[in-house]
>>> print(open('input.txt').read())   # compact mmCIF, C-alpha atoms and all ligand atoms
# COMPACT_ATOMS: atom_id res chain seq x y z
CA MET U 1 -90.40 -35.01 -77.57
CA LYS U 2 -87.59 -36.23 -79.78
CA GLU U 3 -89.19 -34.57 -82.81
CA ARG U 4 -89.77 -31.35 -80.85
CA LEU U 5 -86.09 -31.26 -79.82
CA MET U 6 -84.92 -31.89 -83.44
CA GLU U 7 -87.28 -29.20 -84.66
CA LEU U 8 -85.90 -26.73 -82.08
CA LYS U 9 -82.33 -27.63 -83.05
CA HIS U 10 -82.95 -26.97 -86.76
CA GLU U 11 -84.79 -23.75 -86.04
CA ALA U 12 -82.01 -22.46 -83.75
CA LEU U 13 -79.16 -23.49 -86.11
CA GLU U 14 -81.00 -21.83 -88.98
CA LYS U 15 -81.19 -18.57 -87.00
CA VAL U 16 -77.52 -18.81 -86.04
CA THR U 17 -76.59 -19.23 -89.70
CA HIS U 18 -78.56 -16.14 -90.66
CA ALA U 19 -77.45 -13.93 -87.75
CA THR U 20 -75.54 -10.91 -89.08
CA ASP U 21 -74.24 -9.45 -85.83
CA VAL U 22 -73.35 -10.37 -82.23
CA LYS U 23 -76.55 -8.80 -80.90
CA GLY U 24 -78.64 -11.14 -83.15
CA LEU U 25 -76.68 -14.11 -81.83
CA GLN U 26 -77.33 -13.14 -78.22
CA ASP U 27 -81.06 -13.02 -79.03
CA VAL U 28 -80.88 -16.61 -80.36
CA ARG U 29 -79.05 -17.70 -77.19
CA VAL U 30 -81.67 -16.15 -74.92
CA GLN U 31 -84.55 -17.44 -77.06
CA TYR U 32 -83.40 -21.10 -77.21
CA LEU U 33 -81.04 -21.67 -74.28
CA GLY U 34 -82.42 -19.19 -71.76
CA LYS U 35 -84.18 -20.22 -68.53
CA LYS U 36 -87.56 -19.64 -70.13
CA GLY U 37 -86.54 -21.18 -73.46
CA PRO U 38 -88.12 -24.28 -75.11
CA ILE U 39 -85.24 -26.65 -74.30
CA THR U 40 -85.35 -25.84 -70.60
CA GLU U 41 -89.09 -26.40 -70.85
CA VAL U 42 -88.52 -29.87 -72.38
CA LEU U 43 -86.14 -30.76 -69.55
CA ARG U 44 -88.65 -29.56 -66.98
CA GLY U 45 -91.35 -31.83 -68.48
CA MET U 46 -89.18 -34.95 -68.21
CA GLY U 47 -90.88 -35.90 -64.97
CA LYS U 48 -93.84 -37.01 -67.03
CA LEU U 49 -91.75 -39.43 -69.09
CA SER U 50 -91.30 -43.11 -68.46
CA ALA U 51 -88.12 -44.37 -66.74
CA GLU U 52 -86.80 -45.73 -70.09
CA GLU U 53 -87.49 -42.55 -72.06
CA ARG U 54 -86.13 -40.13 -69.44
CA PRO U 55 -82.32 -40.75 -69.94
CA VAL U 56 -82.67 -40.89 -73.73
CA ILE U 57 -84.55 -37.58 -73.97
CA GLY U 58 -82.32 -36.05 -71.26
CA GLN U 59 -79.17 -36.92 -73.18
CA LEU U 60 -80.68 -35.72 -76.47
CA ALA U 61 -81.77 -32.41 -74.90
CA ASN U 62 -78.25 -31.85 -73.53
CA GLU U 63 -76.73 -32.68 -76.93
CA VAL U 64 -79.07 -30.27 -78.69
CA ARG U 65 -78.27 -27.55 -76.15
CA GLU U 66 -74.56 -28.11 -76.56
CA GLU U 67 -74.79 -28.13 -80.36
CA ILE U 68 -76.66 -24.81 -80.39
CA ALA U 69 -74.23 -23.26 -77.87
CA ASN U 70 -71.24 -24.40 -79.98
CA ALA U 71 -72.80 -23.05 -83.14
CA ILE U 72 -73.40 -19.68 -81.43
CA GLU U 73 -69.83 -19.57 -80.15
CA GLN U 74 -68.38 -20.44 -83.55
CA LYS U 75 -70.57 -17.92 -85.31
CA GLN U 76 -69.65 -15.22 -82.78
CA ALA U 77 -65.94 -15.84 -83.39
CA ASN U 78 -66.54 -15.59 -87.15
CA LEU U 79 -68.52 -12.36 -86.81
CA GLU U 80 -65.86 -10.79 -84.59
CA ALA U 81 -63.06 -11.80 -86.97
CA ALA U 82 -65.00 -10.32 -89.88
CA ALA U 83 -65.61 -7.08 -87.95
CA LEU U 84 -61.89 -6.77 -87.16
CA GLU U 85 -61.02 -7.46 -90.78
CA LYS U 86 -63.40 -4.72 -91.91
CA GLN U 87 -62.04 -2.26 -89.37
CA LEU U 88 -58.46 -2.92 -90.49
CA GLU U 89 -59.52 -2.45 -94.09
CA ASP U 90 -61.39 0.81 -93.33
CA GLU U 91 -58.46 2.20 -91.36
CA THR U 92 -55.77 1.28 -93.86
CA ILE U 93 -53.29 4.17 -94.24
CA ASP U 94 -52.48 5.11 -97.77
CA VAL U 95 -48.73 5.53 -97.50
CA THR U 96 -48.59 6.87 -101.05
CA LEU U 97 -50.46 10.08 -100.01
CA PRO U 98 -48.11 13.07 -99.88
CA GLY U 99 -47.54 14.14 -96.23
CA ARG U 100 -48.67 17.49 -94.85
CA PRO U 101 -45.72 19.87 -94.67
CA VAL U 102 -44.38 20.41 -91.13
CA GLN U 103 -44.05 24.07 -90.13
CA GLN U 104 -40.41 24.46 -89.19
CA GLY U 105 -39.28 27.06 -86.70
CA GLY U 106 -35.90 28.71 -86.82
CA ARG U 107 -33.41 30.48 -84.66
CA HIS U 108 -34.03 34.12 -83.80
CA LEU U 109 -31.89 36.69 -85.59
CA LEU U 110 -30.56 37.95 -82.25
CA THR U 111 -29.50 34.43 -81.24
CA ASN U 112 -27.60 34.11 -84.51
CA ILE U 113 -25.89 37.51 -84.14
CA ILE U 114 -24.91 36.79 -80.52
CA GLU U 115 -23.46 33.40 -81.50
CA GLU U 116 -21.60 34.93 -84.44
CA ILE U 117 -20.02 37.51 -82.09
CA GLU U 118 -19.28 34.81 -79.47
CA ASP U 119 -17.58 32.64 -82.11
CA LEU U 120 -15.30 35.48 -83.20
CA PHE U 121 -14.13 36.05 -79.63
CA ILE U 122 -13.87 32.31 -78.86
CA GLY U 123 -11.52 32.26 -81.88
CA MET U 124 -9.35 34.82 -80.02
CA GLY U 125 -9.26 32.70 -76.85
CA PHE U 126 -12.19 34.16 -74.87
CA GLU U 127 -14.60 32.01 -72.84
CA VAL U 128 -18.36 32.59 -72.71
CA ALA U 129 -19.73 33.38 -69.21
CA GLU U 130 -23.33 33.87 -68.11
CA GLY U 131 -24.87 35.19 -64.90
CA PRO U 132 -28.18 36.05 -63.18
CA GLU U 133 -30.64 38.53 -64.70
CA VAL U 134 -31.88 39.45 -61.20
CA GLU U 135 -28.78 41.04 -59.72
CA THR U 136 -27.67 42.61 -56.46
CA ASP U 137 -27.01 46.35 -56.22
CA TYR U 138 -23.43 45.41 -55.34
CA TYR U 139 -22.57 43.54 -58.56
CA ASN U 140 -24.69 45.72 -60.84
CA PHE U 141 -23.34 49.05 -59.53
CA GLU U 142 -20.96 49.09 -56.54
CA ALA U 143 -18.41 46.60 -57.94
CA LEU U 144 -18.33 48.62 -61.16
CA ASN U 145 -17.28 51.85 -59.52
CA LEU U 146 -20.85 53.13 -59.30
CA PRO U 147 -21.36 53.72 -55.55
CA LYS U 148 -24.79 54.70 -54.18
CA GLY U 149 -25.60 58.27 -55.18
CA HIS U 150 -23.21 58.25 -58.17
CA PRO U 151 -24.76 60.47 -60.87
CA ALA U 152 -24.04 57.86 -63.60
CA ARG U 153 -26.62 55.56 -61.95
CA ASP U 154 -29.27 57.91 -63.35
CA MET U 155 -28.21 56.95 -66.91
CA GLN U 156 -29.33 53.41 -66.15
CA ASP U 157 -32.80 53.84 -64.65
CA SER U 158 -33.61 50.39 -63.35
CA PHE U 159 -36.38 47.97 -62.41
CA TYR U 160 -35.90 47.47 -58.67
CA ILE U 161 -37.28 44.38 -56.91
CA THR U 162 -36.11 45.45 -53.44
CA GLU U 163 -33.68 48.17 -52.27
CA GLU U 164 -30.80 45.76 -52.93
CA LEU U 165 -32.12 43.63 -55.83
CA LEU U 166 -32.83 44.72 -59.39
CA MET U 167 -33.07 43.48 -62.98
CA ARG U 168 -29.50 43.91 -64.22
CA THR U 169 -29.01 47.03 -66.33
CA HIS U 170 -25.97 45.63 -68.17
CA THR U 171 -24.06 42.34 -68.36
CA SER U 172 -21.02 43.90 -66.62
CA PRO U 173 -21.86 42.17 -63.27
CA VAL U 174 -21.07 38.86 -65.01
CA GLN U 175 -17.51 40.09 -65.69
CA ALA U 176 -17.23 41.32 -62.07
CA ARG U 177 -18.30 37.86 -60.85
CA SER U 178 -15.84 36.16 -63.27
CA MET U 179 -12.98 38.27 -61.89
CA GLU U 180 -13.90 37.32 -58.33
CA LYS U 181 -13.87 33.64 -59.27
CA HIS U 182 -10.28 33.96 -60.55
CA GLU U 183 -9.22 35.09 -57.03
CA GLY U 184 -6.87 37.89 -57.97
CA LYS U 185 -5.02 35.92 -60.68
CA GLY U 186 -4.85 36.29 -64.46
CA PRO U 187 -5.70 35.82 -67.13
CA VAL U 188 -9.44 36.50 -67.12
CA LYS U 189 -10.71 36.40 -70.69
CA VAL U 190 -14.48 36.31 -70.92
CA ILE U 191 -17.30 37.32 -73.22
CA CYS U 192 -20.69 37.81 -71.55
CA PRO U 193 -23.91 37.84 -73.59
CA GLY U 194 -27.43 38.20 -72.21
CA LYS U 195 -30.63 40.15 -71.63
CA VAL U 196 -30.55 43.43 -69.75
CA TYR U 197 -33.32 45.73 -68.47
CA ARG U 198 -33.74 49.49 -68.19
CA ARG U 199 -36.72 51.63 -67.24
CA ASP U 200 -37.32 53.21 -70.63
CA THR U 201 -40.18 54.13 -72.94
CA ASP U 202 -40.18 51.83 -75.96
CA ASP U 203 -39.80 53.44 -79.39
CA ALA U 204 -37.94 52.74 -82.63
CA THR U 205 -34.53 52.97 -80.94
CA HIS U 206 -35.29 52.23 -77.25
CA SER U 207 -36.52 49.13 -75.46
CA HIS U 208 -36.99 48.40 -71.74
CA GLN U 209 -35.41 44.99 -72.42
CA PHE U 210 -32.58 44.41 -74.85
CA THR U 211 -29.42 42.34 -75.19
CA GLN U 212 -25.77 43.13 -74.60
CA ILE U 213 -22.55 41.36 -75.20
CA GLU U 214 -19.58 42.54 -73.21
CA GLY U 215 -16.01 41.36 -72.99
CA LEU U 216 -13.19 41.58 -70.44
CA LEU U 217 -9.52 40.72 -70.49
CA VAL U 218 -7.47 41.09 -67.30
CA ASP U 219 -3.85 40.05 -67.01
CA GLU U 220 -0.38 41.46 -66.39
CA HIS U 221 0.83 43.97 -69.01
CA VAL U 222 -2.50 44.43 -70.85
CA ARG U 223 -2.41 47.72 -72.76
CA MET U 224 -4.70 49.96 -74.76
CA SER U 225 -3.00 48.67 -77.95
CA ASP U 226 -4.22 45.14 -77.05
CA LEU U 227 -7.77 46.50 -76.85
CA LYS U 228 -7.37 48.19 -80.23
CA GLY U 229 -5.91 45.05 -81.85
CA VAL U 230 -8.72 42.77 -80.56
CA LEU U 231 -11.50 45.20 -81.53
CA ASN U 232 -9.97 45.81 -84.96
CA ALA U 233 -9.87 42.05 -85.61
CA PHE U 234 -13.49 41.76 -84.44
CA ALA U 235 -14.71 44.65 -86.65
CA LYS U 236 -13.00 43.30 -89.76
CA GLN U 237 -14.33 39.77 -89.28
CA MET U 238 -17.84 40.94 -88.44
CA PHE U 239 -18.29 43.70 -91.02
CA GLY U 240 -15.64 43.07 -93.70
CA GLU U 241 -11.86 43.29 -94.15
CA GLU U 242 -12.12 46.69 -95.85
CA ARG U 243 -13.56 48.32 -92.70
CA GLU U 244 -11.43 50.76 -90.69
CA ILE U 245 -11.94 51.46 -86.99
CA ARG U 246 -11.67 54.74 -85.09
CA LEU U 247 -11.54 55.27 -81.31
CA ARG U 248 -12.98 58.46 -79.80
CA PRO U 249 -12.60 59.50 -76.14
CA SER U 250 -15.67 58.83 -74.00
CA PHE U 251 -16.67 58.22 -70.38
CA PHE U 252 -17.79 55.10 -68.52
CA PRO U 253 -17.51 54.83 -64.72
CA PHE U 254 -15.96 51.33 -64.95
CA THR U 255 -13.21 52.16 -67.47
CA GLU U 256 -10.45 54.78 -67.58
CA PRO U 257 -9.59 55.86 -70.19
CA SER U 258 -12.86 55.13 -72.02
CA VAL U 259 -13.48 55.16 -75.75
CA GLU U 260 -16.21 54.74 -78.29
CA MET U 261 -15.42 52.76 -81.42
CA ASP U 262 -16.69 53.59 -84.89
CA ILE U 263 -16.31 51.62 -88.12
CA SER U 264 -15.98 53.25 -91.50
CA CYS U 265 -19.28 53.48 -93.38
CA LYS U 266 -19.67 50.76 -95.99
CA MET U 267 -22.33 52.69 -97.90
CA CYS U 268 -20.17 55.67 -98.82
CA GLY U 269 -16.69 54.30 -98.08
CA GLY U 270 -16.09 57.17 -95.66
CA GLU U 271 -17.34 59.98 -97.95
CA GLY U 272 -20.43 60.69 -95.83
CA CYS U 273 -24.01 59.62 -96.58
CA SER U 274 -27.45 59.32 -94.93
CA VAL U 275 -26.54 56.00 -93.22
CA CYS U 276 -23.53 57.54 -91.40
CA LYS U 277 -25.25 60.93 -91.10
CA GLY U 278 -22.59 62.55 -93.25
CA THR U 279 -19.68 61.62 -90.95
CA GLY U 280 -18.28 58.58 -92.81
CA TRP U 281 -18.26 56.67 -89.47
CA ILE U 282 -20.78 54.49 -87.62
CA GLU U 283 -20.66 53.97 -83.84
CA ILE U 284 -20.45 50.27 -82.90
CA LEU U 285 -19.41 49.87 -79.28
CA GLY U 286 -17.95 51.33 -76.10
CA ALA U 287 -14.72 50.19 -74.45
CA GLY U 288 -11.84 51.18 -72.22
CA MET U 289 -9.14 50.12 -69.77
CA VAL U 290 -10.66 48.61 -66.60
CA HIS U 291 -10.77 51.24 -63.84
CA PRO U 292 -8.26 50.49 -61.01
CA ASN U 293 -11.12 50.72 -58.47
CA VAL U 294 -12.96 47.90 -60.32
CA LEU U 295 -9.83 45.73 -60.33
CA GLU U 296 -9.19 46.32 -56.63
CA MET U 297 -12.82 45.62 -55.66
CA ALA U 298 -12.64 42.23 -57.43
CA GLY U 299 -9.43 41.39 -55.53
CA TYR U 300 -6.78 42.34 -58.12
CA ASP U 301 -3.64 44.34 -57.38
CA SER U 302 -4.05 47.26 -59.80
CA ASN U 303 -0.29 47.92 -59.73
CA LYS U 304 0.34 44.47 -61.18
CA TYR U 305 -2.80 43.81 -63.23
CA THR U 306 -4.46 45.82 -65.99
CA GLY U 307 -7.30 44.97 -68.30
CA PHE U 308 -9.58 46.13 -71.05
CA ALA U 309 -13.35 45.81 -71.41
CA PHE U 310 -15.88 46.53 -74.11
CA GLY U 311 -19.63 46.37 -74.57
CA MET U 312 -22.00 46.37 -77.50
CA GLY U 313 -25.68 45.90 -78.32
CA PRO U 314 -26.42 42.95 -80.64
CA GLU U 315 -29.64 44.69 -81.73
CA ARG U 316 -27.63 47.68 -82.96
CA ILE U 317 -25.14 45.37 -84.73
CA ALA U 318 -28.01 43.50 -86.45
CA MET U 319 -29.77 46.77 -87.37
CA LEU U 320 -26.60 48.06 -89.04
CA LYS U 321 -25.82 44.76 -90.72
CA TYR U 322 -29.31 44.24 -92.17
CA GLY U 323 -30.71 47.78 -92.39
CA ILE U 324 -33.42 47.16 -89.74
CA ASP U 325 -35.07 50.47 -88.82
CA ASP U 326 -37.03 49.64 -85.64
CA ILE U 327 -35.70 47.81 -82.55
CA ARG U 328 -39.23 46.60 -81.72
CA HIS U 329 -39.05 44.13 -84.66
CA PHE U 330 -36.75 41.97 -82.51
CA TYR U 331 -39.34 41.47 -79.78
CA THR U 332 -42.76 41.46 -81.46
CA ASN U 333 -42.02 38.15 -83.21
CA ASP U 334 -43.80 38.81 -86.49
CA VAL U 335 -42.82 35.72 -88.50
CA ARG U 336 -42.72 37.80 -91.71
CA PHE U 337 -39.79 39.65 -90.13
CA LEU U 338 -38.15 36.64 -88.48
CA ASN U 339 -38.37 34.37 -91.56
CA GLN U 340 -36.14 36.73 -93.53
CA PHE U 341 -33.22 35.83 -91.30
CA HIS U 342 -33.49 32.04 -91.07
CA LYS U 343 -30.29 30.38 -92.04
CA ALA U 344 -30.60 27.71 -94.75
C1 LIG Q 1 -16.07 45.13 -65.68
C2 LIG Q 1 -15.18 46.11 -66.08
C3 LIG Q 1 -15.46 46.88 -67.19
C4 LIG Q 1 -17.85 47.09 -69.89
C5 LIG Q 1 -18.00 48.19 -70.88
C6 LIG Q 1 -18.97 49.53 -72.32
C7 LIG Q 1 -17.73 50.07 -72.28
C8 LIG Q 1 -20.06 50.07 -73.16
C9 LIG Q 1 -22.38 49.77 -73.76
C10 LIG Q 1 -22.33 50.16 -75.15
C11 LIG Q 1 -23.72 50.17 -75.71
C12 LIG Q 1 -23.28 48.60 -73.78
O1 LIG Q 1 -24.96 47.96 -75.56
S1 LIG Q 1 -24.58 49.03 -74.80
O2 LIG Q 1 -25.56 49.65 -74.00
N1 LIG Q 1 -21.19 49.38 -73.09
O3 LIG Q 1 -19.92 51.03 -73.82
N2 LIG Q 1 -19.11 48.47 -71.54
S2 LIG Q 1 -16.78 49.21 -71.26
O4 LIG Q 1 -16.85 47.46 -68.97
C13 LIG Q 1 -16.62 46.68 -67.88
C14 LIG Q 1 -17.50 45.72 -67.49
C15 LIG Q 1 -17.22 44.94 -66.40
C16 LIG Q 1 -15.77 44.30 -64.48
>>> encode(input="input.txt", output="structure tokens", more="lines below")
Ligand code: 2U9
Amino acid sequence: MKERLMELKHEALEKVTHATDVKGLQDVRVQYLGKKGPITEVLRGMGKLSAEERPVIGQLANEVREEIANAIEQKQANLEAAALEKQLEDETIDVTLPGRPVQQGGRHLLTNIIEEIEDLFIGMGFEVAEGPEVETDYYNFEALNLPKGHPARDMQDSFYITEELLMRTHTSPVQARSMEKHEGKGPVKVICPGKVYRRDTDDATHSHQFTQIEGLLVDEHVRMSDLKGVLNAFAKQMFGEEREIRLRPSFFPFTEPSVEMDISCKMCGGEGCSVCKGTGWIEILGAGMVHPNVLEMAGYDSNKYTGFAFGMGPERIAMLKYGIDDIRHFYTNDVRFLNQFHKA
């Protein structure tokens, strides 16, 4: 039995040495140490041995079993370490490879134009104010001297949500809300940018959604000459020092008197060309002195307070500045268009 046990030990250790993977090792374990394996069989046959032989063979069998089990364990640890080593080697990252370029996005042209306009007015002491795009009939129309049934409401065909709620048709309600917040006191000096909505058929010059930036200054002793001075400073900084401005009479329900402002055409220097349609002037924005009704509705004493307001379309400003011929370019997000206006 001693020889048989030594034979089994050598056989098993030989197989452990030659095992190339964990699965092979498990097979050796089952084959030699399993319940039906030869060593268990030797132990079972011990009953037939003499009383002297029994402890000797028993101890030897246990030693053999332990030696094989240790060898398997050791080999398994070696195999696993080697596998990990190989995996680390296979998955090594070559840091010298050039990286794949990251596609960088950029700010939208309209965002840049709006911020440029904001910055110019911030430089003149205005604050930026924002408000809701879903607006009440009161702030969108009533507070701006456009009572129900006023014919000028037709000029701003709207997207109604309910009888009293609509998508705002201009950013003017933000100024009306700002005035209310100041509780009848001056100065109010705000610039209000944002998206506005009108029921319109989209084409090269119309869009059902576009942006506006409007401004308002209310205080004691504000005059038309203040409006002219601020807008002249804006036009020169935005379009160039050589530009002249011109105010023409106009009509808006929320201002009286109302004007439209043109800048002299850069292309022809005022001579008249295709860009300015032969007039030498290009229309930029609308403005006027805040209507007394609007002041009173926001809680201001119109005998004490006066104000001016103006409004412009950033799309139109960008189209003039960069020669863009179709307003839809701003909203269709063709990167070939957008990439031309990314700042460095
Ligand atoms: C309050 C009082 C007065 C805002 C004004 C305009 C003139 C104007 C349009 C021009 C083209 C906007 O982009 S556009 O559609 N706007 O001409 N807006 S005065 O007057 C206000 C606003 C709010 C409380």
>>> closest_residue(input="input.txt", among="U:Asp157, U:Asp325, U:Glu260, U:Glu220", to="Gly311 of chain U", atoms="all atoms listed in the file")
U:Glu260
>>> residues_near_ligand(input="input.txt", ligand="ligand LIG 1 (chain Q)", cutoff="7 Å", atoms="all atoms listed in the file", output="JSON, numbers by chain")
{"U": [144, 170, 172, 173, 175, 176, 212, 214, 215, 216, 252, 254, 255, 260, 285, 286, 287, 288, 290, 294, 309, 310, 311, 312, 313]}
>>> closest_residue(input="input.txt", among="U:Ala51, U:Met46, U:Val335, U:Val64", to="Leu8 of chain U", atoms="only C-alpha atoms")
U:Val64
>>> residues_around(input="input.txt", residues="His18 of chain U", least_positions_apart="2", cutoff="12 Å", atoms="only C-alpha atoms", output="compact mmCIF listing (two decimals) with C-alpha atoms, in the frame of the given file")
# COMPACT_ATOMS: atom_id res chain seq x y z
CA GLU U 11 -84.79 -23.75 -86.04
CA ALA U 12 -82.01 -22.46 -83.75
CA LEU U 13 -79.16 -23.49 -86.11
CA GLU U 14 -81.00 -21.83 -88.98
CA LYS U 15 -81.19 -18.57 -87.00
CA VAL U 16 -77.52 -18.81 -86.04
CA THR U 20 -75.54 -10.91 -89.08
CA ASP U 21 -74.24 -9.45 -85.83
CA VAL U 22 -73.35 -10.37 -82.23
CA GLY U 24 -78.64 -11.14 -83.15
CA LEU U 25 -76.68 -14.11 -81.83
CA VAL U 28 -80.88 -16.61 -80.36
CA ALA U 71 -72.80 -23.05 -83.14
CA ILE U 72 -73.40 -19.68 -81.43
CA LYS U 75 -70.57 -17.92 -85.31
CA GLN U 76 -69.65 -15.22 -82.78
CA LEU U 79 -68.52 -12.36 -86.81
>>> residues_around(input="input.txt", residues="Val174 of chain U", least_positions_apart="2", cutoff="8 Å", atoms="only C-alpha atoms", output="MDAnalysis selection string")
chainID U and resid 129:132 171:172 176:178 192
>>> residues_around(input="input.txt", residues="segment 267-269 of chain U", least_positions_apart="5", cutoff="10 Å", atoms="all atoms listed in the file", output="mmCIF file with C-alpha atoms, keeping the file's coordinate frame")
data_model
loop_
_atom_site.group_PDB
_atom_site.id
_atom_site.type_symbol
_atom_site.label_atom_id
_atom_site.label_comp_id
_atom_site.auth_asym_id
_atom_site.auth_seq_id
_atom_site.Cartn_x
_atom_site.Cartn_y
_atom_site.Cartn_z
ATOM 1 C CA GLU U 242 -12.120 46.690 -95.850
ATOM 2 C CA ARG U 243 -13.560 48.320 -92.700
ATOM 3 C CA GLU U 244 -11.430 50.760 -90.690
ATOM 4 C CA SER U 274 -27.450 59.320 -94.930
ATOM 5 C CA VAL U 275 -26.540 56.000 -93.220
ATOM 6 C CA CYS U 276 -23.530 57.540 -91.400
ATOM 7 C CA GLY U 278 -22.590 62.550 -93.250
ATOM 8 C CA THR U 279 -19.680 61.620 -90.950
ATOM 9 C CA GLY U 280 -18.280 58.580 -92.810
ATOM 10 C CA TRP U 281 -18.260 56.670 -89.470
#
>>> atom_distance(input="input.txt", atom1="atom CA of Ala81 of chain U", atom2="atom CA of Leu33 of chain U")
24.1 Å
>>> residues_near_point(input="input.txt", point="(-33.4, 50.2, -65.3)", cutoff="8 Å", atoms="all atoms listed in the file", output="PDB file with C-alpha atoms, in the frame of the given file")
ATOM      1  CA  GLN U 156     -29.330  53.410 -66.150  1.00  0.00           C
ATOM      2  CA  ASP U 157     -32.800  53.840 -64.650  1.00  0.00           C
ATOM      3  CA  SER U 158     -33.610  50.390 -63.350  1.00  0.00           C
ATOM      4  CA  PHE U 159     -36.380  47.970 -62.410  1.00  0.00           C
ATOM      5  CA  TYR U 160     -35.900  47.470 -58.670  1.00  0.00           C
ATOM      6  CA  MET U 167     -33.070  43.480 -62.980  1.00  0.00           C
ATOM      7  CA  ARG U 168     -29.500  43.910 -64.220  1.00  0.00           C
ATOM      8  CA  THR U 169     -29.010  47.030 -66.330  1.00  0.00           C
ATOM      9  CA  TYR U 197     -33.320  45.730 -68.470  1.00  0.00           C
ATOM     10  CA  ARG U 198     -33.740  49.490 -68.190  1.00  0.00           C
ATOM     11  CA  ARG U 199     -36.720  51.630 -67.240  1.00  0.00           C
ATOM     12  CA  ASP U 200     -37.320  53.210 -70.630  1.00  0.00           C
ATOM     13  CA  HIS U 208     -36.990  48.400 -71.740  1.00  0.00           C
TER      14      HIS U 208
END
>>> atom_distance(input="input.txt", atom1="atom CA of Asn293 of chain U", atom2="atom CA of Thr211 of chain U")
26.2 Å
>>> atom_distance(input="input.txt", atom1="atom CA of Ser225 of chain U", atom2="atom CA of Ser250 of chain U")
16.7 Å
